[in-house]
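Colleague: Have a look at this one before I ask anything.
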Amino acid sequence: MSAAMAAEANLTVARPALQYRLLLAGDDDPALVDEVTDAARNLPASLDIMPTLDTSLAWLLHPFPPVTHVLAPASLPIADIDVLAGMVDEVTHGRACVILLGESPDIGRGTGGKGLVHIDCASANVIEQVVRDYPAAHSELLSISEADLRGALRGGHLRVRFQPVLNANSLQMTGVEALARLHHPALGILLPSQFMQRAIDTGLERTLSTMAAARAVMDLRGEAFMQHRTIAFNVPLATFLTADGPARALEICAIAAHPASRVVIELVETMHVPDLRALARAVENWREAGFKVTIDDAGPRLPHWRELLSLPFTSVKLDGALADAPDDDLRMAEDIVAAAQQNGLGVVAEGIENDAALQRVRAMGVDEVQGYFFCRPIPAPALRTWAAAWDAIRKAA
């Protein structure tokens, strides 16, 4: 090894490992770029600069985006900030935040919330301090009170993320599943596991599911890429069994000009069905209204799946844990797929996180797939970006 090569090798060894990965989103202000660059040098951090929201979202959609913080000018529109905050939360599972830089006419926006920090006057040392001080993980389950939940719903803080559903063989996008998120002003972006049980306990589950469905169809209203593609909604059993459920859903579809024939109702919490005949009548009512109806989470947590498959559902969704399961559970998945096919039901496999899982469910004969291997649950503007990129990848393959 030459002296020059040895010196370079020593330099590489001595260079400190990067502790942070910063993304400057949606801005081309040279002064702001300089401040963020100086902060990155001091941290030390890798810095990526994306001058538009679309390019920032595309970067975040990378399979392994090791982002720790996204910095954005506080002058961005509120809708854009919400999209960024939602994307960062989905991609990093709450381990990162969006830092708004500079003064904003909306002084109260983003202050105090998990995942969203507002710095009135951006400077390198302030940015550095905020990045260092922000906790490394926020994955613990938070307890939301009934008052918090009611206030968040009244305040319009319910958001929807979308995860693509693909044809298992061609991998062409066939639809999306809409998933509720609560953008709580104090607690940050909450997942259903952090608020749904409270909604059930307080009788708010119907209100919440109706609001989520309405938000989802409006978010995707008029989107050309959604033509002939379905939107799937999770509906709790109690809501599903109500006599006026289909009529209320038809009203939501009419407002968004989205036909019922392209809506999939995913029935959850079917572990304790008191009356299978009542459930069968409810399935028929939804089907007669034009909706597709699927059984969600079929697997070990759904011990009476065979009885459910005899009802007039249109499809069944395998429990996500079955995509990468031990042999016993894998045999259960194969049994569910075989029984579904015998009854003329389509089969969706969720929880696909790698190619091995994809090949496994393909071998079973499933019709559709979804999972992190293809795309995380993302906001509507990011879904538009993903759909265009995915079509281009498929056509080039």
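By convention here, the chains of the structure tokens are called A, B, ... in the order presented, each chain's residues are numbered starting at 1, and ligands are numbered starting at 1 in the order presented.
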Check range 180-354 of chain A with DSSP on the backbone and list each residue it calls strand (DSSP E or B), as number ranges by chain.
Modeller: A: 180-184, 188-190, 230-236, 263-268, 292-298, 315-318, 346-349
Colleague: With N, CA and C atoms retained, write the just-selected residues as a short mmCIF file (atom, residue, chain, number, x, y, z; two decimals), in the first residue's frame.
Modeller:
```cif
data_model
loop_
_atom_site.label_atom_id
_atom_site.label_comp_id
_atom_site.auth_asym_id
_atom_site.auth_seq_id
_atom_site.Cartn_x
_atom_site.Cartn_y
_atom_site.Cartn_z
N ALA A 180 -56.63 4.51 9.26
CA ALA A 180 -56.82 5.74 10.03
C ALA A 180 -55.60 6.08 10.87
N ARG A 181 -55.32 7.36 10.98
CA ARG A 181 -54.31 7.90 11.87
C ARG A 181 -54.93 9.11 12.57
N LEU A 182 -54.54 9.33 13.82
CA LEU A 182 -55.04 10.48 14.56
C LEU A 182 -53.88 11.45 14.76
N HIS A 183 -53.99 12.61 14.11
CA HIS A 183 -52.92 13.61 14.22
C HIS A 183 -53.23 14.50 15.41
N HIS A 184 -52.94 13.97 16.60
CA HIS A 184 -53.29 14.66 17.83
C HIS A 184 -52.37 15.87 18.04
N GLY A 188 -49.08 13.88 18.92
CA GLY A 188 -48.49 13.55 17.63
C GLY A 188 -49.38 12.60 16.85
N ILE A 189 -48.79 11.88 15.89
CA ILE A 189 -49.55 11.00 15.02
C ILE A 189 -49.70 9.63 15.68
N LEU A 190 -50.94 9.25 15.95
CA LEU A 190 -51.23 8.01 16.67
C LEU A 190 -51.76 6.95 15.72
N THR A 230 -59.80 -0.22 -6.34
CA THR A 230 -60.67 -0.26 -5.17
C THR A 230 -60.05 0.50 -3.99
N ILE A 231 -60.93 0.91 -3.07
CA ILE A 231 -60.53 1.44 -1.78
C ILE A 231 -61.12 0.52 -0.71
N ALA A 232 -60.29 0.01 0.17
CA ALA A 232 -60.77 -0.87 1.23
C ALA A 232 -60.78 -0.13 2.56
N PHE A 233 -61.85 -0.32 3.33
CA PHE A 233 -61.99 0.30 4.64
C PHE A 233 -62.16 -0.76 5.71
N ASN A 234 -61.59 -0.53 6.87
CA ASN A 234 -61.83 -1.39 8.03
C ASN A 234 -63.11 -0.93 8.73
N VAL A 235 -64.01 -1.85 8.96
CA VAL A 235 -65.27 -1.53 9.62
C VAL A 235 -65.45 -2.45 10.82
N PRO A 236 -65.59 -1.89 12.04
CA PRO A 236 -65.81 -2.73 13.22
C PRO A 236 -67.11 -3.51 13.11
N VAL A 263 -65.53 -0.27 -3.73
CA VAL A 263 -65.27 -0.14 -2.29
C VAL A 263 -65.29 -1.54 -1.66
N VAL A 264 -64.26 -1.83 -0.89
CA VAL A 264 -64.16 -3.10 -0.18
C VAL A 264 -64.34 -2.84 1.31
N ILE A 265 -65.30 -3.47 1.92
CA ILE A 265 -65.53 -3.35 3.35
C ILE A 265 -64.78 -4.49 4.04
N GLU A 266 -63.79 -4.16 4.84
CA GLU A 266 -63.02 -5.18 5.56
C GLU A 266 -63.59 -5.32 6.97
N LEU A 267 -64.14 -6.48 7.23
CA LEU A 267 -64.78 -6.72 8.53
C LEU A 267 -63.74 -7.15 9.55
N VAL A 268 -63.62 -6.38 10.61
CA VAL A 268 -62.66 -6.70 11.67
C VAL A 268 -63.41 -7.10 12.94
N LYS A 292 -68.15 -4.69 -2.03
CA LYS A 292 -67.46 -5.95 -1.80
C LYS A 292 -67.20 -6.07 -0.30
N VAL A 293 -67.20 -7.28 0.23
CA VAL A 293 -67.01 -7.47 1.67
C VAL A 293 -65.98 -8.57 1.89
N THR A 294 -64.98 -8.29 2.72
CA THR A 294 -63.93 -9.27 2.98
C THR A 294 -63.79 -9.55 4.47
N ILE A 295 -63.32 -10.74 4.79
CA ILE A 295 -63.00 -11.11 6.17
C ILE A 295 -61.55 -10.73 6.42
N ASP A 296 -61.30 -9.93 7.42
CA ASP A 296 -59.93 -9.47 7.70
C ASP A 296 -59.26 -10.40 8.72
N ASP A 297 -57.93 -10.48 8.64
CA ASP A 297 -57.11 -11.17 9.65
C ASP A 297 -57.47 -12.64 9.84
N ALA A 298 -57.74 -13.35 8.75
CA ALA A 298 -58.01 -14.78 8.86
C ALA A 298 -56.73 -15.52 9.21
N SER A 315 -64.29 -11.96 -0.46
CA SER A 315 -62.87 -12.30 -0.36
C SER A 315 -62.48 -12.49 1.10
N VAL A 316 -61.25 -12.94 1.30
CA VAL A 316 -60.70 -13.12 2.64
C VAL A 316 -59.28 -12.59 2.64
N LYS A 317 -58.89 -11.96 3.72
CA LYS A 317 -57.52 -11.44 3.86
C LYS A 317 -56.80 -12.25 4.93
N LEU A 318 -55.65 -12.80 4.56
CA LEU A 318 -54.88 -13.59 5.51
C LEU A 318 -54.24 -12.69 6.56
N GLY A 346 -62.00 -14.49 -3.33
CA GLY A 346 -60.64 -14.04 -3.59
C GLY A 346 -59.83 -14.05 -2.31
N VAL A 347 -58.50 -14.06 -2.43
CA VAL A 347 -57.62 -14.10 -1.26
C VAL A 347 -56.57 -13.01 -1.37
N VAL A 348 -56.43 -12.22 -0.30
CA VAL A 348 -55.41 -11.18 -0.21
C VAL A 348 -54.43 -11.58 0.89
N ALA A 349 -53.14 -11.48 0.62
CA ALA A 349 -52.11 -11.73 1.63
C ALA A 349 -51.45 -10.41 1.99
#
```
Colleague: Near Ser123 in chain A, within 9 Å and counting only C-alpha atoms, which residues show up once chain neighbours fewer than 5 positions away are dropped, as a list of chain:residue names?
Modeller: A:Leu32, A:Glu35, A:Val36, A:Asp38, A:Ala39, A:Leu101, A:Gly102, A:Glu128
Colleague: Using only C-alpha atoms, can you tell me which of A:Arg41, A:His69, A:Arg384, A:Arg159 comes closest to Tyr134 in chain A?
Modeller: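 The closest residue to Tyr134 in chain A is A:His69.
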Colleague: If we count only C-alpha atoms and set the cut-off at 12 Å, which residues sit around Asp328 in chain A, ignoring sequence neighbours fewer than 6 positions away in its own chain? Please answer as JSON, numbers by chain.
Modeller: {"A": [299, 300, 322, 334, 335]}
Colleague: Residues as selected, N, CA and C atoms, written as a short mmCIF file (atom, residue, chain, number, x, y, z; two decimals), in the first residue's frame, can you do that?
Modeller:
```cif
data_model
loop_
_atom_site.label_atom_id
_atom_site.label_comp_id
_atom_site.auth_asym_id
_atom_site.auth_seq_id
_atom_site.Cartn_x
_atom_site.Cartn_y
_atom_site.Cartn_z
N GLY A 299 -56.76 -16.26 10.31
CA GLY A 299 -55.57 -16.96 10.77
C GLY A 299 -55.78 -17.46 12.19
N PRO A 300 -54.69 -17.60 12.95
CA PRO A 300 -54.79 -18.15 14.31
C PRO A 300 -55.70 -17.35 15.23
N LEU A 322 -49.06 -14.54 8.86
CA LEU A 322 -48.95 -15.81 8.14
C LEU A 322 -47.97 -15.74 6.97
N GLU A 334 -52.45 -22.19 4.05
CA GLU A 334 -52.75 -22.97 2.85
C GLU A 334 -54.18 -23.51 2.91
N ASP A 335 -54.62 -23.94 4.11
CA ASP A 335 -55.99 -24.44 4.27
C ASP A 335 -57.01 -23.33 4.02
#
```
Colleague: Which one of A:Glu177, A:Asp319, A:Glu146, A:Asp82 sits closest to Leu204 in chain A if you count only C-alpha atoms?
Modeller: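 Smallest distance to Leu204 in chain A is found for A:Glu146.
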